[in-house]
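Text of the file query_10.pdb, holding PDB, C-alpha atoms and all ligand atoms:
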ATOM      1  CA  MET A   1      -8.273   2.561 -16.995
ATOM      2  CA  ARG A   2      -7.191   1.728 -13.466
ATOM      3  CA  GLN A   3      -4.200   3.554 -12.031
ATOM      4  CA  LYS A   4      -1.090   1.349 -11.934
ATOM      5  CA  ILE A   5       0.712   1.869  -8.634
ATOM      6  CA  VAL A   6       3.983   0.656  -7.161
ATOM      7  CA  ALA A   7       4.390   1.605  -3.515
ATOM      8  CA  GLY A   8       7.511   1.174  -1.407
ATOM      9  CA  ASN A   9       7.100   0.578   2.315
ATOM     10  CA  TRP A  10      10.430   1.301   3.923
ATOM     11  CA  LYS A  11       9.180   0.232   7.362
ATOM     12  CA  MET A  12      11.574   1.215  10.222
ATOM     13  CA  ASN A  13      14.686   1.467   8.066
ATOM     14  CA  LYS A  14      17.210   4.120   7.002
ATOM     15  CA  THR A  15      18.740   7.184   8.592
ATOM     16  CA  LEU A  16      17.986  10.683   7.344
ATOM     17  CA  VAL A  17      20.929  10.825   4.928
ATOM     18  CA  GLU A  18      20.203   7.325   3.633
ATOM     19  CA  ALA A  19      16.541   8.214   3.129
ATOM     20  CA  GLN A  20      17.498  11.303   1.142
ATOM     21  CA  SER A  21      19.947   9.331  -1.037
ATOM     22  CA  LEU A  22      17.455   6.569  -1.744
ATOM     23  CA  THR A  23      14.737   9.069  -2.644
ATOM     24  CA  SER A  24      17.023  10.962  -5.031
ATOM     25  CA  GLU A  25      18.181   7.745  -6.688
ATOM     26  CA  ILE A  26      14.610   6.544  -7.214
ATOM     27  CA  ALA A  27      13.514   9.962  -8.516
ATOM     28  CA  ASN A  28      16.393  10.074 -11.002
ATOM     29  CA  MET A  29      15.924   6.524 -12.227
ATOM     30  CA  VAL A  30      12.171   6.909 -12.663
ATOM     31  CA  GLU A  31      12.700  10.160 -14.542
ATOM     32  CA  ASP A  32      15.331   8.596 -16.841
ATOM     33  CA  GLU A  33      13.807   5.165 -17.351
ATOM     34  CA  GLY A  34      10.040   5.563 -16.830
ATOM     35  CA  PRO A  35       7.441   4.292 -17.330
ATOM     36  CA  SER A  36       5.492   7.510 -16.857
ATOM     37  CA  ASP A  37       2.050   5.922 -16.410
ATOM     38  CA  VAL A  38       2.850   4.220 -13.094
ATOM     39  CA  LYS A  39       2.165   6.140  -9.899
ATOM     40  CA  VAL A  40       5.096   5.647  -7.531
ATOM     41  CA  VAL A  41       4.342   5.923  -3.829
ATOM     42  CA  ILE A  42       7.201   6.110  -1.336
ATOM     43  CA  ALA A  43       6.448   5.491   2.333
ATOM     44  CA  PRO A  44       9.516   6.459   4.366
ATOM     45  CA  PRO A  45       9.446   6.567   8.161
ATOM     46  CA  ALA A  46       7.331   9.590   9.165
ATOM     47  CA  PRO A  47      10.256  11.712  10.462
ATOM     48  CA  PHE A  48      11.792  11.696   6.973
ATOM     49  CA  ILE A  49       8.761  12.637   4.877
ATOM     50  CA  TYR A  50       9.380  16.369   5.016
ATOM     51  CA  ALA A  51      13.111  15.957   4.407
ATOM     52  CA  VAL A  52      12.646  13.959   1.203
ATOM     53  CA  GLU A  53       9.667  15.914  -0.135
ATOM     54  CA  ASN A  54      11.843  18.456  -1.972
ATOM     55  CA  LEU A  55      13.809  15.653  -3.665
ATOM     56  CA  ILE A  56      10.919  14.362  -5.745
ATOM     57  CA  PRO A  57       9.885  16.083  -8.974
ATOM     58  CA  GLU A  58       6.837  18.317  -8.857
ATOM     59  CA  MET A  59       4.982  16.593 -11.705
ATOM     60  CA  GLY A  60       3.281  14.287  -9.238
ATOM     61  CA  GLN A  61       4.259  10.871 -10.574
ATOM     62  CA  ILE A  62       6.121  10.162  -7.332
ATOM     63  CA  VAL A  63       4.221  10.881  -4.136
ATOM     64  CA  LEU A  64       4.789  10.261  -0.442
ATOM     65  CA  ALA A  65       2.894   8.191   2.090
ATOM     66  CA  GLY A  66       2.816   7.629   5.821
ATOM     67  CA  GLN A  67       3.049   4.054   7.077
ATOM     68  CA  ASN A  68       0.300   4.536   9.657
ATOM     69  CA  CYS A  69      -1.703   7.270  11.355
ATOM     70  CA  HIS A  70      -3.693   7.636  14.529
ATOM     71  CA  LEU A  71      -7.488   7.706  14.467
ATOM     72  CA  GLU A  72      -7.669  11.114  16.169
ATOM     73  CA  ASP A  73      -6.468  14.421  14.710
ATOM     74  CA  ALA A  74      -4.508  15.388  17.837
ATOM     75  CA  GLY A  75      -4.279  14.751  21.551
ATOM     76  CA  ALA A  76      -2.448  12.999  24.369
ATOM     77  CA  PHE A  77      -1.168   9.997  22.407
ATOM     78  CA  THR A  78       2.586   9.963  23.037
ATOM     79  CA  GLY A  79       4.629   8.716  20.127
ATOM     80  CA  GLU A  80       1.803   8.663  17.616
ATOM     81  CA  VAL A  81       1.534  10.393  14.233
ATOM     82  CA  SER A  82      -1.731  11.920  13.044
ATOM     83  CA  ALA A  83      -3.230  12.297   9.589
ATOM     84  CA  PRO A  84      -3.044  16.135   9.693
ATOM     85  CA  MET A  85       0.659  15.826  10.558
ATOM     86  CA  LEU A  86       1.310  13.524   7.591
ATOM     87  CA  LYS A  87      -0.608  15.857   5.327
ATOM     88  CA  SER A  88       1.347  18.870   6.537
ATOM     89  CA  LEU A  89       4.630  17.036   5.861
ATOM     90  CA  GLY A  90       3.651  16.506   2.225
ATOM     91  CA  ALA A  91       2.150  13.020   2.258
ATOM     92  CA  GLN A  92      -0.724  12.262  -0.105
ATOM     93  CA  TYR A  93      -1.297   8.668   0.990
ATOM     94  CA  VAL A  94      -1.213   6.615   4.152
ATOM     95  CA  ILE A  95      -0.810   2.853   4.462
ATOM     96  CA  LEU A  96      -3.319   1.415   6.930
ATOM     97  CA  GLY A  97      -3.817  -2.092   8.268
ATOM     98  CA  HIS A  98      -0.401  -3.502   7.426
ATOM     99  CA  SER A  99      -0.124  -6.976   8.971
ATOM    100  CA  GLU A 100       2.818  -5.812  11.098
ATOM    101  CA  ARG A 101       0.594  -3.113  12.595
ATOM    102  CA  ARG A 102      -2.167  -5.647  13.155
ATOM    103  CA  GLN A 103       0.247  -8.145  14.723
ATOM    104  CA  HIS A 104       2.630  -5.990  16.788
ATOM    105  CA  PHE A 105       0.300  -3.109  17.658
ATOM    106  CA  SER A 106      -2.939  -5.103  17.967
ATOM    107  CA  GLU A 107      -4.806  -3.025  15.394
ATOM    108  CA  THR A 108      -8.337  -4.330  14.896
ATOM    109  CA  ASP A 109     -10.689  -4.037  11.935
ATOM    110  CA  GLU A 110     -12.827  -1.632  13.972
ATOM    111  CA  GLU A 111      -9.882   0.623  14.800
ATOM    112  CA  LEU A 112      -8.819   0.550  11.167
ATOM    113  CA  ALA A 113     -12.294   1.673  10.116
ATOM    114  CA  LYS A 114     -11.842   4.750  12.333
ATOM    115  CA  LYS A 115      -8.306   5.377  11.078
ATOM    116  CA  THR A 116      -9.596   5.187   7.514
ATOM    117  CA  ASP A 117     -12.318   7.736   8.306
ATOM    118  CA  ASN A 118      -9.779  10.084   9.836
ATOM    119  CA  ALA A 119      -7.288   9.735   6.984
ATOM    120  CA  LEU A 120      -9.976  10.439   4.360
ATOM    121  CA  LYS A 121     -11.308  13.383   6.371
ATOM    122  CA  ASN A 122      -7.799  14.817   6.233
ATOM    123  CA  ASP A 123      -7.569  14.396   2.489
ATOM    124  CA  LEU A 124      -5.172  11.445   2.475
ATOM    125  CA  LYS A 125      -5.707   8.527   0.129
ATOM    126  CA  VAL A 126      -5.556   5.170   1.892
ATOM    127  CA  ILE A 127      -3.609   2.088   0.850
ATOM    128  CA  PHE A 128      -5.574  -0.447   2.842
ATOM    129  CA  CYS A 129      -3.797  -3.746   3.542
ATOM    130  CA  CYS A 130      -5.520  -7.062   3.936
ATOM    131  CA  GLY A 131      -4.280 -10.641   3.862
ATOM    132  CA  GLU A 132      -4.456 -13.997   5.577
ATOM    133  CA  PRO A 133      -2.020 -15.888   7.811
ATOM    134  CA  LEU A 134      -0.637 -19.266   6.760
ATOM    135  CA  GLU A 135      -3.107 -21.370   8.762
ATOM    136  CA  ILE A 136      -6.047 -19.681   7.027
ATOM    137  CA  ARG A 137      -4.478 -20.334   3.607
ATOM    138  CA  GLU A 138      -3.883 -23.976   4.582
ATOM    139  CA  ALA A 139      -7.520 -24.305   5.644
ATOM    140  CA  ASP A 140      -8.535 -22.747   2.300
ATOM    141  CA  THR A 141     -10.675 -20.095   4.023
ATOM    142  CA  GLN A 142      -8.656 -17.111   2.789
ATOM    143  CA  ASN A 143     -11.473 -15.625   0.717
ATOM    144  CA  ASP A 144     -13.824 -15.355   3.707
ATOM    145  CA  TYR A 145     -11.013 -14.038   5.894
ATOM    146  CA  VAL A 146      -9.938 -11.270   3.536
ATOM    147  CA  THR A 147     -13.403 -10.173   2.440
ATOM    148  CA  LYS A 148     -14.400  -9.913   6.115
ATOM    149  CA  GLN A 149     -11.430  -7.624   6.794
ATOM    150  CA  LEU A 150     -12.615  -5.363   3.981
ATOM    151  CA  THR A 151     -16.267  -5.455   5.056
ATOM    152  CA  ASN A 152     -15.391  -4.621   8.655
ATOM    153  CA  SER A 153     -13.081  -1.712   7.899
ATOM    154  CA  LEU A 154     -14.311  -0.216   4.625
ATOM    155  CA  PHE A 155     -17.927  -1.064   3.896
ATOM    156  CA  HIS A 156     -19.311   1.810   5.990
ATOM    157  CA  LEU A 157     -17.744   4.280   3.506
ATOM    158  CA  SER A 158     -19.750   6.112   0.862
ATOM    159  CA  ALA A 159     -19.051   5.349  -2.805
ATOM    160  CA  GLU A 160     -17.516   8.828  -3.061
ATOM    161  CA  GLN A 161     -15.150   8.131  -0.180
ATOM    162  CA  PHE A 162     -14.242   4.718  -1.578
ATOM    163  CA  LYS A 163     -12.740   6.396  -4.656
ATOM    164  CA  ASN A 164      -9.786   7.311  -2.419
ATOM    165  CA  ILE A 165      -9.069   3.728  -1.369
ATOM    166  CA  VAL A 166      -6.362   1.505  -2.850
ATOM    167  CA  ILE A 167      -6.355  -2.122  -1.702
ATOM    168  CA  ALA A 168      -3.120  -4.012  -1.027
ATOM    169  CA  TYR A 169      -3.516  -7.776  -0.787
ATOM    170  CA  GLU A 170      -0.603  -9.073   1.268
ATOM    171  CA  PRO A 171      -0.715 -12.725   2.298
ATOM    172  CA  ILE A 172       1.108 -12.695   5.643
ATOM    173  CA  TRP A 173       2.956 -15.914   4.834
ATOM    174  CA  ALA A 174       4.609 -14.136   1.890
ATOM    175  CA  ILE A 175       5.734 -10.941   3.655
ATOM    176  CA  GLY A 176       9.482 -10.772   4.145
ATOM    177  CA  THR A 177       9.724 -14.551   3.825
ATOM    178  CA  GLY A 178      10.957 -14.812   0.246
ATOM    179  CA  LYS A 179       7.857 -16.956  -0.379
ATOM    180  CA  THR A 180       5.722 -15.241  -3.038
ATOM    181  CA  ALA A 181       2.122 -16.104  -3.786
ATOM    182  CA  SER A 182       1.935 -17.613  -7.249
ATOM    183  CA  SER A 183       0.592 -15.278  -9.870
ATOM    184  CA  GLN A 184      -2.533 -17.480 -10.000
ATOM    185  CA  GLN A 185      -3.031 -17.261  -6.227
ATOM    186  CA  ALA A 186      -2.648 -13.482  -6.423
ATOM    187  CA  GLN A 187      -5.039 -13.207  -9.374
ATOM    188  CA  ASP A 188      -7.657 -15.417  -7.703
ATOM    189  CA  MET A 189      -7.659 -13.308  -4.557
ATOM    190  CA  HIS A 190      -7.606  -9.991  -6.420
ATOM    191  CA  LYS A 191     -10.621 -11.124  -8.461
ATOM    192  CA  THR A 192     -12.410 -12.129  -5.249
ATOM    193  CA  ILE A 193     -11.615  -8.728  -3.734
ATOM    194  CA  ARG A 194     -12.858  -6.914  -6.848
ATOM    195  CA  GLU A 195     -16.115  -8.883  -6.843
ATOM    196  CA  HIS A 196     -16.536  -8.123  -3.150
ATOM    197  CA  ILE A 197     -16.058  -4.397  -3.787
ATOM    198  CA  ALA A 198     -18.586  -4.588  -6.637
ATOM    199  CA  SER A 199     -21.155  -6.212  -4.313
ATOM    200  CA  LYS A 200     -21.118  -3.086  -2.144
ATOM    201  CA  PHE A 201     -20.008  -0.160  -4.296
ATOM    202  CA  GLY A 202     -21.011  -1.334  -7.778
ATOM    203  CA  GLN A 203     -19.119  -2.744 -10.749
ATOM    204  CA  ASP A 204     -17.849   0.639 -11.973
ATOM    205  CA  ALA A 205     -16.270   1.418  -8.612
ATOM    206  CA  ALA A 206     -14.737  -2.058  -8.483
ATOM    207  CA  ASN A 207     -13.313  -1.660 -11.982
ATOM    208  CA  GLU A 208     -11.739   1.665 -10.955
ATOM    209  CA  THR A 209     -10.137   0.394  -7.733
ATOM    210  CA  SER A 210      -6.412  -0.345  -7.878
ATOM    211  CA  ILE A 211      -5.576  -3.605  -6.105
ATOM    212  CA  LEU A 212      -1.891  -4.114  -5.323
ATOM    213  CA  TYR A 213      -0.082  -7.326  -4.471
ATOM    214  CA  GLY A 214       2.467  -7.426  -1.647
ATOM    215  CA  GLY A 215       4.637 -10.209  -0.335
ATOM    216  CA  SER A 216       8.238 -10.829  -1.480
ATOM    217  CA  CYS A 217       7.591  -9.044  -4.776
ATOM    218  CA  LYS A 218      10.958  -8.623  -6.510
ATOM    219  CA  PRO A 219      12.331  -7.660  -9.938
ATOM    220  CA  ASP A 220      12.356 -11.296 -11.007
ATOM    221  CA  ASN A 221       8.696 -12.035 -10.205
ATOM    222  CA  ALA A 222       7.028  -8.633 -10.620
ATOM    223  CA  LYS A 223       6.399  -8.976 -14.361
ATOM    224  CA  GLU A 224       4.518 -12.236 -13.951
ATOM    225  CA  LEU A 225       2.461 -10.869 -11.038
ATOM    226  CA  PHE A 226       1.674  -7.539 -12.752
ATOM    227  CA  SER A 227       0.567  -9.322 -15.932
ATOM    228  CA  GLN A 228      -2.474 -10.742 -14.124
ATOM    229  CA  PRO A 229      -5.679  -8.929 -15.122
ATOM    230  CA  ASP A 230      -6.662  -7.930 -11.574
ATOM    231  CA  VAL A 231      -3.190  -7.091 -10.274
ATOM    232  CA  ASP A 232      -2.661  -3.337 -10.646
ATOM    233  CA  GLY A 233       0.752  -3.068  -9.066
ATOM    234  CA  GLY A 234       2.586  -3.852  -5.876
ATOM    235  CA  LEU A 235       3.256  -2.852  -2.292
ATOM    236  CA  ILE A 236       6.932  -3.576  -1.888
ATOM    237  CA  GLY A 237       8.814  -4.029   1.376
ATOM    238  CA  GLY A 238      12.391  -5.319   1.267
ATOM    239  CA  ALA A 239      12.984  -4.638  -2.414
ATOM    240  CA  SER A 240      11.936  -0.983  -2.025
ATOM    241  CA  LEU A 241      15.065  -0.314   0.022
ATOM    242  CA  LYS A 242      17.308  -0.662  -3.038
ATOM    243  CA  SER A 243      16.777   1.922  -5.763
ATOM    244  CA  ARG A 244      17.748  -0.454  -8.604
ATOM    245  CA  ASP A 245      15.407  -3.236  -7.458
ATOM    246  CA  PHE A 246      12.529  -0.840  -6.784
ATOM    247  CA  THR A 247      12.891   0.876 -10.151
ATOM    248  CA  ASP A 248      13.108  -2.476 -11.937
ATOM    249  CA  ILE A 249       9.839  -3.473 -10.271
ATOM    250  CA  ILE A 250       8.272  -0.183 -11.422
ATOM    251  CA  LYS A 251       9.425  -1.026 -14.949
ATOM    252  CA  SER A 252       7.854  -4.497 -14.808
ATOM    253  CA  PHE A 253       4.448  -3.541 -16.233
TER     254      PHE A 253
HETATM  255  C1  LIG B 301       5.312  -5.447   3.043
HETATM  256  O1  LIG B 301       5.746  -5.427   4.184
HETATM  257  O2  LIG B 301       4.360  -4.727   2.729
HETATM  258  C2  LIG B 301       5.945  -6.345   2.089
HETATM  259  C3  LIG B 301       5.289  -6.678   1.018
HETATM  260  O3  LIG B 301       7.215  -6.791   2.407
HETATM  261  P1  LIG B 301       8.186  -7.683   1.486
HETATM  262  O4  LIG B 301       8.115  -7.114   0.099
HETATM  263  O5  LIG B 301       9.526  -7.526   2.112
HETATM  264  O6  LIG B 301       7.661  -9.082   1.557
END

Written form, C-alpha cells:
Amino acid sequence: MRQKIVAGNWKMNKTLVEAQSLTSEIANMVEDEGPSDVKVVIAPPAPFIYAVENLIPEMGQIVLAGQNCHLEDAGAFTGEVSAPMLKSLGAQYVILGHSERRQHFSETDEELAKKTDNALKNDLKVIFCCGEPLEIREADTQNDYVTKQLTNSLFHLSAEQFKNIVIAYEPIWAIGTGKTASSQQAQDMHKTIREHIASKFGQDAANETSILYGGSCKPDNAKELFSQPDVDGGLIGGASLKSRDFTDIIKSF
C-alpha cells in the first residue's frame, strides 16, 4: 500500500505567532477528526520550523518539511538554508524543484539533482516537484516535458535512495490560479510518471512511490482528485493556510 500524503506548502506567509496558531489548529483537528492513515506534511517558512515542532504530536502522523535547501552542507551562501540545518530544526522532508523556485530563483534540473543528493545524504525525504507551463500543455507535449524533468534530476539515484522520494505533479498553469487540472488530466499524468519511474527503478518501486497532485487543490475538488488510482494525495498551497480547508482536504480520501 502506498503512503497517502497531504502536504501544505505555506510559501512566504505567516508571522511566528500565526504559524504557531495554524500548526496547533491543524494538529488538533487532525487528532480529533482523522483520518489516521494519511501522512500530513507541513512546510512552514524555515525560520518557524523549530518553533512549531513542539506543537505537533509525537506519534509521527504530522511531520515538518523545508520548502527548499541548498546543495552544499555549509559555506559562504548568504541567506540560504542547508539540509543539515533543516534536519536539526526537526524537519523530516524537504520540497525541491517547486515551480516558483525554478522560475524566480532559476533552479535547473542539474542543480536540483545536486540538491536532491544533498537532502538524501542528510536523511531528509524529498518531495520533488515537476510540472509543465501552459504553452507545453497547449502543445500537448507535457508528458515529454515532465518525464525529462524527472530523468534529469532523479534518474542518477540508486533504487535504495529513490525509496525516499515523493513526487508532486504540479501543472504550473494550475498553481495559485484557481484553475485545477481535471481529475482525468491528473490521473493521466500520474500514470505516465509511474510508468516512467518503473522504466528506471522497476515496477515494485513505482508501485510504492507516492505521487501527489498540486495546483488549486481545495476541499471541494480534493475528493475527486484523490479518488484517481494514481493520485496518492496533494501538495497544497493556498488552501493549506486555513486550518479548516487543509483538514477538510486531508479528510477527502
Ligand atoms: C503549490 O504552490 O504547491 C500549490 C499547489 O499552490 P496552490 O494550491 O495555491 O495552487

Note to self: Can you translate the PyMOL selection byres (((chain A and resi 31) around 12) and not hetatm) into the concrete residues it hits in this file, as a VMD selection string?
What the structure shows: chain A and resid 24 to 30 32 to 38 40 56 to 62 247 250 to 251

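With only C-alpha atoms and all ligand atoms counted, the chains near ligand LIG 301 (chain B) contribute these residues within 7 Å: Asn9, His98, Glu170, Ala174, Ile175, Gly176, Thr177, Gly178, Gly214, Gly215, Ser216, Cys217, Leu235, Ile236, Gly237, Gly238 and Ala239 of chain A.
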
Margin query: Evaluated on this file, the PyMOL selection byres (((chain A and resi 189-200) around 7) and not hetatm) picks out some residues - which ones are they, written as a PyMOL selection string?
Written below: chain A and resi 143+147+185-188+201-203+205-206+211+230-231

Next item on the list: For Ala43 in chain A, list every protein, DNA or RNA residue within 7 Å, evaluated using all atoms listed in the file, and leave out those in the same chain fewer than 2 positions away; present the list as a list in words.
Entry: Gly8, Asn9, Trp10, Val41, Pro45, Leu64, Ala65, Gly66 and Gln67 of chain A

Please, could you write that set of residues out with C-alpha atoms as an mmCIF file, keeping the file's coordinate frame?
data_model
loop_
_atom_site.group_PDB
_atom_site.id
_atom_site.type_symbol
_atom_site.label_atom_id
_atom_site.label_comp_id
_atom_site.auth_asym_id
_atom_site.auth_seq_id
_atom_site.Cartn_x
_atom_site.Cartn_y
_atom_site.Cartn_z
ATOM 1 C CA GLY A 8 7.511 1.174 -1.407
ATOM 2 C CA ASN A 9 7.100 0.578 2.315
ATOM 3 C CA TRP A 10 10.430 1.301 3.923
ATOM 4 C CA VAL A 41 4.342 5.923 -3.829
ATOM 5 C CA PRO A 45 9.446 6.567 8.161
ATOM 6 C CA LEU A 64 4.789 10.261 -0.442
ATOM 7 C CA ALA A 65 2.894 8.191 2.090
ATOM 8 C CA GLY A 66 2.816 7.629 5.821
ATOM 9 C CA GLN A 67 3.049 4.054 7.077
#

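Against this structure, the PyMOL selection byres (((chain A and resi 225-228) around 8) and not hetatm) ends up with A:Ser182, A:Ser183, A:Gln184, A:Ala186, A:Gln187, A:Tyr213, A:Asn221, A:Ala222, A:Lys223, A:Glu224, A:Pro229, A:Asp230, A:Val231, A:Asp232, A:Gly233, A:Gly234, A:Ser252, A:Phe253.
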
Margin query: For a test of reading the model, state the distance in Å between CA of Val94 in chain A and CA of Asp248 in chain A, rounded to one decimal.
Written below: 23.4 Å

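For the atom pair formed by CA of Glu110 in chain A and CA of Gln149 in chain A, the distance is 9.5 Å, given to one decimal.
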
Item checked: Between CA of Thr23 in chain A and CA of Val52 in chain A - distance in Å to one decimal -> 6.6 Å
